[in-house]
file input_0.csv (CSV, C-alpha atoms)
chain,number,residue,atom,x,y,z
A,1486,MET,CA,0.0,0.0,0.0
A,1487,SER,CA,1.3,3.4,-1.0
A,1488,VAL,CA,0.2,7.0,-0.5
A,1489,LEU,CA,1.6,9.6,-2.9
A,1490,LEU,CA,0.7,12.6,-5.0
A,1491,ASN,CA,-0.9,12.1,-8.4
A,1492,ARG,CA,0.6,15.0,-10.2
A,1493,ASN,CA,-1.8,14.7,-13.1
A,1494,THR,CA,-4.8,15.4,-11.0
A,1495,GLY,CA,-3.3,17.3,-8.1
A,1496,ARG,CA,-4.7,14.8,-5.6
A,1497,ASN,CA,-3.2,12.4,-3.1
A,1498,ILE,CA,-3.8,8.8,-4.2
A,1499,ILE,CA,-3.7,5.5,-2.2
A,1500,MET,CA,-2.5,2.6,-4.3
A,1501,TYR,CA,-2.8,-0.9,-3.0
A,1502,SER,CA,-2.8,-4.6,-4.1
A,1503,THR,CA,-2.9,-8.1,-2.7
A,1504,GLU,CA,-0.1,-9.0,-5.1
A,1505,GLY,CA,2.7,-6.9,-3.6
A,1506,GLY,CA,6.3,-7.8,-3.1
A,1507,MET,CA,9.4,-7.1,-5.2
A,1508,ASN,CA,7.7,-7.4,-8.6
A,1509,ILE,CA,4.8,-5.0,-8.3
A,1510,GLU,CA,5.8,-3.5,-11.7
A,1511,ASP,CA,5.1,-6.9,-13.3
A,1512,VAL,CA,1.7,-7.0,-11.6
A,1513,ALA,CA,0.9,-3.6,-13.0
A,1514,HIS,CA,1.9,-4.8,-16.5
A,1515,ASN,CA,0.5,-8.3,-16.5
A,1516,THR,CA,-2.6,-8.0,-14.2
A,1517,PRO,CA,-3.4,-4.3,-13.9
A,1518,HIS,CA,-6.9,-5.1,-12.5
A,1519,LEU,CA,-5.2,-6.4,-9.3
A,1520,ILE,CA,-3.9,-2.9,-8.5
A,1521,PHE,CA,-6.5,-0.6,-6.9
A,1522,LYS,CA,-6.4,3.2,-6.6
A,1523,GLU,CA,-8.3,5.5,-4.3
A,1524,GLU,CA,-7.9,9.3,-5.0
A,1525,VAL,CA,-8.6,11.7,-2.2
A,1526,ASP,CA,-10.2,15.1,-2.8
A,1527,PRO,CA,-8.0,17.6,-0.9
A,1528,SER,CA,-11.0,19.8,-0.2
A,1529,VAL,CA,-12.7,17.1,2.0
A,1530,GLY,CA,-9.9,14.7,2.8
A,1531,LEU,CA,-10.1,10.9,3.0
A,1532,GLN,CA,-13.7,9.8,3.5
A,1533,SER,CA,-14.8,6.8,5.6
A,1534,PHE,CA,-16.4,5.1,2.6
A,1535,GLN,CA,-13.0,5.2,0.8
A,1536,ALA,CA,-11.3,3.4,3.6
A,1537,ARG,CA,-14.1,0.8,3.7
A,1538,ASN,CA,-13.7,0.4,-0.1
A,1539,ILE,CA,-10.0,-0.3,0.3
A,1540,ALA,CA,-10.7,-3.0,2.9
A,1541,PHE,CA,-13.4,-4.5,0.7
A,1542,ASN,CA,-11.1,-4.6,-2.4
A,1543,LEU,CA,-8.4,-6.4,-0.3
A,1544,GLY,CA,-10.9,-9.2,0.4
A,1545,LEU,CA,-11.1,-8.6,4.1
A,1546,SER,CA,-14.1,-9.2,6.4
A,1547,GLY,CA,-15.0,-9.2,10.1
A,1548,ASN,CA,-12.5,-7.8,12.5
A,1549,ALA,CA,-9.7,-7.7,9.8
A,1550,PHE,CA,-12.0,-5.4,7.8
A,1551,LYS,CA,-12.4,-3.0,10.7
A,1552,GLU,CA,-8.7,-3.0,11.5
A,1553,MET,CA,-7.8,-2.2,7.9
A,1554,VAL,CA,-10.2,0.7,7.9
A,1555,LYS,CA,-8.6,2.1,11.0
A,1556,PHE,CA,-5.2,1.5,9.5
A,1557,VAL,CA,-5.9,3.3,6.2
A,1558,VAL,CA,-7.3,6.3,8.0
A,1559,ALA,CA,-4.3,6.5,10.4
A,1560,LEU,CA,-1.8,6.0,7.5
A,1561,TYR,CA,-3.4,8.7,5.4
A,1562,ASN,CA,-3.5,11.2,8.3
A,1563,CYS,CA,0.1,10.5,9.1
A,1564,TYR,CA,1.1,11.1,5.5
A,1565,VAL,CA,-0.6,14.5,5.4
A,1566,GLN,CA,0.5,15.6,8.9
A,1567,THR,CA,4.1,14.8,8.2
A,1568,ASP,CA,4.2,16.6,4.9
A,1569,SER,CA,5.5,13.5,3.2
A,1570,ALA,CA,6.0,12.9,-0.5
A,1571,MET,CA,5.4,9.2,-0.3
A,1572,PHE,CA,4.5,6.4,2.1
A,1573,GLU,CA,5.1,2.8,0.9
A,1574,ILE,CA,4.1,-0.1,3.1
A,1575,ASN,CA,5.5,-3.3,1.8
A,1576,PRO,CA,4.6,-5.8,3.1
A,1577,LEU,CA,1.3,-4.9,4.8
A,1578,PHE,CA,0.5,-7.9,6.9
A,1579,LYS,CA,-2.7,-9.5,8.3
A,1580,THR,CA,-2.0,-11.7,11.3
A,1581,SER,CA,-3.9,-14.9,12.1
A,1582,ASP,CA,-5.8,-13.0,14.8
A,1583,ASP,CA,-6.9,-10.3,12.2
A,1584,LYS,CA,-4.4,-7.5,13.2
A,1585,ILE,CA,-3.1,-5.3,10.5
A,1586,ILE,CA,0.7,-4.6,10.7
A,1587,ALA,CA,3.0,-2.5,8.6
A,1588,VAL,CA,6.0,-4.9,8.5
A,1589,ASP,CA,8.3,-2.6,6.5
A,1590,ALA,CA,7.9,0.9,5.2
A,1591,LYS,CA,9.7,3.5,3.0
A,1592,VAL,CA,8.9,7.2,3.8
A,1593,THR,CA,10.0,10.1,1.6
A,1594,LEU,CA,9.6,13.5,3.3
A,1595,ASP,CA,8.9,16.6,1.2
A,1596,ASP,CA,11.9,19.0,1.7
A,1597,ASN,CA,9.6,21.9,1.1
A,1598,GLY,CA,7.7,21.1,4.3
A,1599,LEU,CA,10.6,20.6,6.6
A,1600,PHE,CA,10.3,24.2,8.0
A,1601,ARG,CA,7.1,23.1,9.7
A,1602,HIS,CA,8.9,20.1,11.3
A,1603,PRO,CA,12.1,21.3,13.0
A,1604,SER,CA,12.3,18.1,15.0
A,1605,TYR,CA,13.0,16.1,11.8
A,1606,GLU,CA,16.5,17.6,11.6
A,1607,ALA,CA,17.6,15.4,14.6
A,1608,LEU,CA,16.6,12.3,12.6
A,1609,ARG,CA,18.9,13.1,9.7
A,1610,ASP,CA,22.0,11.0,9.3
A,1611,LYS,CA,24.3,12.8,6.9
A,1612,MET,CA,26.7,9.9,6.9
A,1613,GLU,CA,24.1,8.0,4.9
A,1614,GLU,CA,24.0,10.7,2.2
A,1615,ASP,CA,26.4,11.6,-0.6
A,1616,PRO,CA,28.8,14.1,1.0
A,1617,THR,CA,29.0,16.2,-2.2
A,1618,GLU,CA,25.2,16.5,-2.2
A,1619,VAL,CA,25.2,17.5,1.5
A,1620,GLU,CA,27.8,20.2,0.9
A,1621,ALA,CA,25.8,21.5,-2.1
A,1622,SER,CA,22.6,21.7,0.0
A,1623,GLU,CA,24.5,23.6,2.7
A,1624,ASN,CA,25.5,26.2,0.1
A,1625,GLU,CA,21.9,26.5,-1.3
A,1626,LEU,CA,22.8,24.5,-4.4
A,1627,ASN,CA,20.5,21.9,-5.9
A,1628,TYR,CA,22.9,19.1,-6.8
A,1629,VAL,CA,22.5,15.5,-7.7
A,1630,LYS,CA,25.4,13.4,-8.8
A,1631,LEU,CA,25.1,11.3,-11.9
A,1632,ASP,CA,27.4,8.8,-13.7
A,1633,GLY,CA,28.4,10.9,-16.8
A,1634,ASN,CA,31.5,13.0,-17.7
A,1635,VAL,CA,30.0,16.4,-18.5
A,1636,GLY,CA,29.6,18.7,-15.5
A,1637,CYS,CA,26.5,21.0,-15.7
A,1638,MET,CA,26.0,24.3,-14.1
A,1639,VAL,CA,22.6,25.8,-14.9
A,1640,ASN,CA,20.0,28.1,-13.3
A,1641,GLY,CA,16.5,26.7,-13.1
A,1642,ALA,CA,15.5,23.1,-12.9
A,1643,GLY,CA,13.7,23.1,-16.2
A,1644,LEU,CA,16.7,24.5,-18.0
A,1645,ALA,CA,18.9,22.0,-16.2
A,1646,MET,CA,16.8,19.1,-17.5
A,1647,ALA,CA,16.8,20.5,-21.0
A,1648,THR,CA,20.6,20.9,-20.8
A,1649,MET,CA,21.1,17.3,-19.8
A,1650,ASP,CA,18.8,16.2,-22.6
A,1651,ILE,CA,20.7,18.0,-25.3
A,1652,ILE,CA,24.1,16.9,-23.9
A,1653,LYS,CA,22.8,13.3,-24.4
A,1654,LEU,CA,21.6,14.1,-27.9
A,1655,ALA,CA,25.0,15.5,-28.8
A,1656,GLY,CA,26.7,12.3,-27.6
A,1657,GLY,CA,27.8,13.4,-24.1
A,1658,ASP,CA,26.7,12.1,-20.7
A,1659,PRO,CA,25.7,14.5,-17.8
A,1660,ALA,CA,27.8,14.0,-14.7
A,1661,ASN,CA,25.4,15.9,-12.5
A,1662,PHE,CA,22.2,18.0,-12.1
A,1663,LEU,CA,23.2,21.3,-10.6
A,1664,ASP,CA,20.8,24.3,-10.3
A,1665,VAL,CA,22.6,27.4,-8.9
A,1666,GLY,CA,19.2,29.1,-8.4
A,1667,GLY,CA,17.7,32.3,-9.6
A,1668,THR,CA,19.7,34.5,-7.3
A,1669,ALA,CA,23.2,33.1,-8.0
A,1670,ASN,CA,26.1,35.3,-7.0
A,1671,ALA,CA,29.8,35.0,-7.6
A,1672,ALA,CA,30.5,33.1,-4.4
A,1673,ARG,CA,27.8,30.6,-5.2
A,1674,VAL,CA,29.0,30.1,-8.7
A,1675,GLU,CA,32.6,29.5,-7.4
A,1676,LYS,CA,31.2,26.9,-4.9
A,1677,ALA,CA,29.3,25.2,-7.7
A,1678,PHE,CA,32.6,24.9,-9.7
A,1679,ARG,CA,34.4,23.4,-6.8
A,1680,ILE,CA,31.6,20.8,-6.2
A,1681,ILE,CA,31.6,19.8,-9.9
A,1682,LEU,CA,35.4,19.5,-10.0
A,1683,LYS,CA,35.3,17.1,-7.0
A,1684,ASP,CA,34.0,14.4,-9.4
A,1685,PRO,CA,37.0,12.8,-11.1
A,1686,ASN,CA,34.8,11.6,-14.0
A,1687,VAL,CA,34.1,15.2,-15.2
A,1688,LYS,CA,36.0,15.8,-18.4
A,1689,ALA,CA,34.2,19.0,-19.4
A,1690,ILE,CA,31.9,21.6,-17.8
A,1691,LEU,CA,29.0,23.2,-19.5
A,1692,VAL,CA,27.7,26.5,-18.0
A,1693,ASN,CA,24.3,27.4,-19.3
A,1694,ILE,CA,22.7,30.4,-17.7
A,1695,PHE,CA,19.7,32.3,-18.8
A,1696,GLY,CA,19.6,35.7,-17.1
A,1697,GLY,CA,16.0,36.3,-16.1
A,1698,ILE,CA,16.2,36.9,-12.4
A,1699,VAL,CA,20.0,36.2,-12.1
A,1700,ARG,CA,22.3,38.6,-13.8
A,1701,CYS,CA,24.7,37.1,-16.4
A,1702,ASP,CA,27.5,39.5,-15.3
A,1703,ARG,CA,27.3,38.1,-11.8
A,1704,VAL,CA,27.7,34.6,-13.1
A,1705,ALA,CA,30.6,35.6,-15.3
A,1706,GLN,CA,32.4,37.2,-12.4
A,1707,GLY,CA,31.8,34.1,-10.4
A,1708,ILE,CA,33.4,32.0,-13.2
A,1709,VAL,CA,36.4,34.4,-13.3
A,1710,ASP,CA,36.8,34.3,-9.5
A,1711,ALA,CA,36.6,30.5,-9.5
A,1712,TYR,CA,39.3,30.3,-12.0
A,1713,LYS,CA,41.6,32.5,-10.0
A,1714,ASN,CA,40.8,31.0,-6.6
A,1715,ILE,CA,40.8,27.4,-7.6
A,1716,GLY,CA,43.9,27.6,-9.7
A,1717,GLU,CA,44.4,25.8,-12.9
A,1718,ILE,CA,41.2,24.1,-14.1
A,1719,LYS,CA,42.3,21.3,-16.4
A,1720,VAL,CA,38.9,20.5,-18.0
A,1721,PRO,CA,37.5,22.5,-20.8
A,1722,ILE,CA,34.6,24.9,-20.0
A,1723,ILE,CA,31.9,25.8,-22.4
A,1724,ILE,CA,29.9,28.9,-21.4
A,1725,ARG,CA,26.5,30.0,-22.7
A,1726,LEU,CA,25.2,33.2,-21.0
A,1727,GLN,CA,22.0,34.7,-22.3
A,1728,GLY,CA,19.6,37.3,-20.9
A,1729,THR,CA,20.0,40.1,-18.5
A,1730,ASN,CA,23.4,41.8,-18.8
A,1731,ALA,CA,24.6,39.1,-21.3
A,1732,GLU,CA,26.8,41.6,-23.1
A,1733,GLU,CA,28.5,42.8,-19.9
A,1734,ALA,CA,29.1,39.1,-19.0
A,1735,LYS,CA,30.7,38.4,-22.4
A,1736,LYS,CA,33.0,41.4,-21.8
A,1737,ILE,CA,34.0,40.1,-18.4
A,1738,ILE,CA,34.8,36.7,-19.8
A,1739,ASP,CA,36.7,38.1,-22.8
A,1740,GLU,CA,38.8,40.5,-20.8
A,1741,SER,CA,39.7,37.8,-18.2
A,1742,GLY,CA,41.8,35.8,-20.7
A,1743,LEU,CA,40.3,32.5,-19.6
A,1744,LYS,CA,40.6,29.6,-21.9
A,1745,VAL,CA,36.9,28.9,-22.3
A,1746,TYR,CA,34.6,28.1,-25.2
A,1747,SER,CA,31.7,30.5,-25.8
A,1748,ALA,CA,28.3,29.6,-27.4
A,1749,ILE,CA,25.1,31.5,-28.1
A,1750,GLN,CA,22.7,28.6,-28.9
A,1751,LEU,CA,22.1,25.7,-26.6
A,1752,LYS,CA,22.7,23.2,-29.4
A,1753,GLU,CA,25.9,25.0,-30.2
A,1754,ALA,CA,27.1,24.6,-26.6
A,1755,ALA,CA,26.3,20.9,-26.6
A,1756,ASP,CA,28.1,20.4,-29.9
A,1757,LEU,CA,31.2,22.1,-28.4
A,1758,VAL,CA,31.0,19.7,-25.5
A,1759,ALA,CA,31.0,16.7,-27.8
A,1760,LYS,CA,33.9,18.3,-29.7
A,1761,VAL,CA,36.1,18.8,-26.7
A,1762,LEU,CA,35.4,15.3,-25.5
A,1763,ALA,CA,36.2,13.7,-28.9

call {"tool": "encode", "arguments": {"input": "input_0.csv", "output": "structure tokens"}}
result
Amino acid sequence: MSVLLNRNTGRNIIMYSTEGGMNIEDVAHNTPHLIFKEEVDPSVGLQSFQARNIAFNLGLSGNAFKEMVKFVVALYNCYVQTDSAMFEINPLFKTSDDKIIAVDAKVTLDDNGLFRHPSYEALRDKMEEDPTEVEASENELNYVKLDGNVGCMVNGAGLAMATMDIIKLAGGDPANFLDVGGTANAARVEKAFRIILKDPNVKAILVNIFGGIVRCDRVAQGIVDAYKNIGEIKVPIIIRLQGTNAEEAKKIIDESGLKVYSAIQLKEAADLVAKVLA
């Protein structure tokens, strides 16, 4: 049994099946009628008839039916009250005396709701997380390490996803997702460079900044500062800066004497990446 958000409808959904275990994807493919779904209207919350419907679809009766209804209500309320992104109970067990027990569970908390739950911080074990991702989060950078060889520094999650896609289309392979945010300054850009360069697999770096909120000249200054402070950067850097103060940014880069490649179009930048990796 899982509780999560259906992004297509904007509603929480409870998904459940008697055929759980490790191969639930096979169940969805081969016998989709054995996977049940109950969507919850956020304006009224989980209704009692929905909880009863779940117990009925699971083939329960008697006390087991009543216990499952209580379990579903408690599970959904816990999901909402903890600002979670997903609850997955697998397996959900019915004992011989008709008790309902969550034998194992995976819980994903929504980072956007953590400010409402300061006590959660004590539960965090940073030793279980990627140290580079921890360092990035402490510097207000959205970073996820991947397995490729092209480091990406982008502002905006959507642009970052598009950048990774076009790198793949050009024959490269993204080494990370890194969003420096809409208010990136020189210090943050330098930190982003340092984090990208910690990955020994990175053979080139693509900087793709669209200056809507962030100013391109700030990013350019950050690139120059990073070069000077880090020392010699041995991997080629391809820079695409477009938008607010793009001309000023280009002037900063040109006058710095840095050995970088400049691009105007995104495809041009991706092709440059493929060229320097060849």

call {"tool": "closest_atom_pairs", "arguments": {"input": "input_0.csv", "of": "segment 1670-1731 of chain A", "to": "segment 1601-1618 of chain A", "cutoff": "10 Å", "atoms": "all atoms listed in the file", "output": "CSV"}}
result
residue,atom,partner,partner_atom,distance
A:Ile1680,CA,A:Thr1617,CA,6.6
A:Ile1681,CA,A:Thr1617,CA,8.9
A:Lys1683,CA,A:Thr1617,CA,8.0
A:Asp1684,CA,A:Thr1617,CA,8.9

call {"tool": "atom_distance", "arguments": {"input": "input_0.csv", "atom1": "atom CA of Asn1730 of chain A", "atom2": "atom CA of Ala1647 of chain A"}}
result
22.4 Å

call {"tool": "closest_residue", "arguments": {"input": "input_0.csv", "among": "A:Asp1632, A:Glu1552, A:Glu1623, A:Asp1702", "to": "Asp1658 of chain A", "atoms": "all atoms listed in the file"}}
result
A:Asp1632

call {"tool": "residues_near_point", "arguments": {"input": "input_0.csv", "point": "(21.4, 20.7, -4.7)", "cutoff": "12 Å", "atoms": "all atoms listed in the file", "output": "JSON, numbers by chain"}}
result
{"A": [1596, 1615, 1616, 1617, 1618, 1619, 1620, 1621, 1622, 1623, 1624, 1625, 1626, 1627, 1628, 1629, 1630, 1638, 1639, 1640, 1641, 1642, 1645, 1661, 1662, 1663, 1664, 1665, 1666, 1673, 1676, 1677, 1680, 1681]}

call {"tool": "closest_residue", "arguments": {"input": "input_0.csv", "among": "A:Leu1543, A:Val1709, A:Val1554, A:Met1571", "to": "Asn1497 of chain A", "atoms": "all atoms listed in the file"}}
result
A:Met1571

call {"tool": "atom_distance", "arguments": {"input": "input_0.csv", "atom1": "atom CA of Asp1595 of chain A", "atom2": "atom CA of Thr1567 of chain A"}}
result
8.7 Å

call {"tool": "residues_around", "arguments": {"input": "input_0.csv", "residues": "segment 1733-1747 of chain A", "least_positions_apart": "2", "cutoff": "12 Å", "atoms": "only C-alpha atoms", "output": "ChimeraX atom specification"}}
result
/A:1689-1696,1699-1713,1716-1731,1749-1751,1753-1758,1760-1761

call {"tool": "decode", "arguments": {"input": "input_0.csv", "residues": "segment 1709-1732 of chain A", "atoms": "N, CA and C atoms", "output": "PDB file, in the first residue's frame"}}
result
ATOM      1  N   VAL A1709      35.099  33.800 -13.378  1.00  0.00           N
ATOM      2  CA  VAL A1709      36.449  34.369 -13.331  1.00  0.00           C
ATOM      3  C   VAL A1709      37.066  34.174 -11.946  1.00  0.00           C
ATOM      4  N   ASP A1710      36.288  34.460 -10.906  1.00  0.00           N
ATOM      5  CA  ASP A1710      36.792  34.307  -9.542  1.00  0.00           C
ATOM      6  C   ASP A1710      37.142  32.854  -9.247  1.00  0.00           C
ATOM      7  N   ALA A1711      36.299  31.941  -9.723  1.00  0.00           N
ATOM      8  CA  ALA A1711      36.552  30.524  -9.494  1.00  0.00           C
ATOM      9  C   ALA A1711      37.867  30.102 -10.140  1.00  0.00           C
ATOM     10  N   TYR A1712      38.087  30.576 -11.349  1.00  0.00           N
ATOM     11  CA  TYR A1712      39.333  30.259 -12.047  1.00  0.00           C
ATOM     12  C   TYR A1712      40.537  30.726 -11.241  1.00  0.00           C
ATOM     13  N   LYS A1713      40.446  31.953 -10.752  1.00  0.00           N
ATOM     14  CA  LYS A1713      41.577  32.542 -10.027  1.00  0.00           C
ATOM     15  C   LYS A1713      41.785  31.871  -8.675  1.00  0.00           C
ATOM     16  N   ASN A1714      40.696  31.561  -7.977  1.00  0.00           N
ATOM     17  CA  ASN A1714      40.797  31.017  -6.621  1.00  0.00           C
ATOM     18  C   ASN A1714      41.104  29.527  -6.590  1.00  0.00           C
ATOM     19  N   ILE A1715      40.565  28.811  -7.560  1.00  0.00           N
ATOM     20  CA  ILE A1715      40.789  27.368  -7.585  1.00  0.00           C
ATOM     21  C   ILE A1715      42.166  27.049  -8.137  1.00  0.00           C
ATOM     22  N   GLY A1716      42.658  27.889  -9.005  1.00  0.00           N
ATOM     23  CA  GLY A1716      43.911  27.596  -9.681  1.00  0.00           C
ATOM     24  C   GLY A1716      43.627  27.071 -11.068  1.00  0.00           C
ATOM     25  N   GLU A1717      44.551  26.306 -11.582  1.00  0.00           N
ATOM     26  CA  GLU A1717      44.390  25.799 -12.944  1.00  0.00           C
ATOM     27  C   GLU A1717      43.258  24.775 -13.002  1.00  0.00           C
ATOM     28  N   ILE A1718      42.297  25.045 -13.875  1.00  0.00           N
ATOM     29  CA  ILE A1718      41.211  24.097 -14.123  1.00  0.00           C
ATOM     30  C   ILE A1718      41.541  23.353 -15.403  1.00  0.00           C
ATOM     31  N   LYS A1719      41.764  22.057 -15.298  1.00  0.00           N
ATOM     32  CA  LYS A1719      42.308  21.284 -16.409  1.00  0.00           C
ATOM     33  C   LYS A1719      41.257  20.810 -17.401  1.00  0.00           C
ATOM     34  N   VAL A1720      39.986  20.918 -17.036  1.00  0.00           N
ATOM     35  CA  VAL A1720      38.944  20.462 -17.956  1.00  0.00           C
ATOM     36  C   VAL A1720      38.416  21.649 -18.747  1.00  0.00           C
ATOM     37  N   PRO A1721      38.058  21.434 -20.016  1.00  0.00           N
ATOM     38  CA  PRO A1721      37.516  22.543 -20.818  1.00  0.00           C
ATOM     39  C   PRO A1721      36.162  23.004 -20.295  1.00  0.00           C
ATOM     40  N   ILE A1722      35.905  24.309 -20.435  1.00  0.00           N
ATOM     41  CA  ILE A1722      34.646  24.890 -19.970  1.00  0.00           C
ATOM     42  C   ILE A1722      33.944  25.548 -21.151  1.00  0.00           C
ATOM     43  N   ILE A1723      32.695  25.180 -21.340  1.00  0.00           N
ATOM     44  CA  ILE A1723      31.856  25.790 -22.386  1.00  0.00           C
ATOM     45  C   ILE A1723      30.833  26.670 -21.683  1.00  0.00           C
ATOM     46  N   ILE A1724      30.744  27.925 -22.109  1.00  0.00           N
ATOM     47  CA  ILE A1724      29.891  28.888 -21.417  1.00  0.00           C
ATOM     48  C   ILE A1724      28.840  29.434 -22.376  1.00  0.00           C
ATOM     49  N   ARG A1725      27.597  29.374 -21.929  1.00  0.00           N
ATOM     50  CA  ARG A1725      26.498  30.018 -22.655  1.00  0.00           C
ATOM     51  C   ARG A1725      25.757  30.910 -21.671  1.00  0.00           C
ATOM     52  N   LEU A1726      25.860  32.216 -21.855  1.00  0.00           N
ATOM     53  CA  LEU A1726      25.183  33.190 -21.002  1.00  0.00           C
ATOM     54  C   LEU A1726      24.261  34.031 -21.865  1.00  0.00           C
ATOM     55  N   GLN A1727      22.975  33.959 -21.588  1.00  0.00           N
ATOM     56  CA  GLN A1727      21.992  34.717 -22.341  1.00  0.00           C
ATOM     57  C   GLN A1727      21.027  35.407 -21.394  1.00  0.00           C
ATOM     58  N   GLY A1728      20.551  36.600 -21.772  1.00  0.00           N
ATOM     59  CA  GLY A1728      19.566  37.289 -20.948  1.00  0.00           C
ATOM     60  C   GLY A1728      20.110  38.566 -20.348  1.00  0.00           C
ATOM     61  N   THR A1729      19.700  38.852 -19.125  1.00  0.00           N
ATOM     62  CA  THR A1729      20.030  40.110 -18.451  1.00  0.00           C
ATOM     63  C   THR A1729      21.537  40.304 -18.327  1.00  0.00           C
ATOM     64  N   ASN A1730      22.022  41.421 -18.866  1.00  0.00           N
ATOM     65  CA  ASN A1730      23.446  41.792 -18.812  1.00  0.00           C
ATOM     66  C   ASN A1730      24.348  40.752 -19.485  1.00  0.00           C
ATOM     67  N   ALA A1731      23.845  40.118 -20.545  1.00  0.00           N
ATOM     68  CA  ALA A1731      24.644  39.115 -21.250  1.00  0.00           C
ATOM     69  C   ALA A1731      25.861  39.744 -21.920  1.00  0.00           C
ATOM     70  N   GLU A1732      25.695  40.955 -22.467  1.00  0.00           N
ATOM     71  CA  GLU A1732      26.822  41.617 -23.135  1.00  0.00           C
ATOM     72  C   GLU A1732      27.915  41.973 -22.143  1.00  0.00           C
TER      73      GLU A1732
END
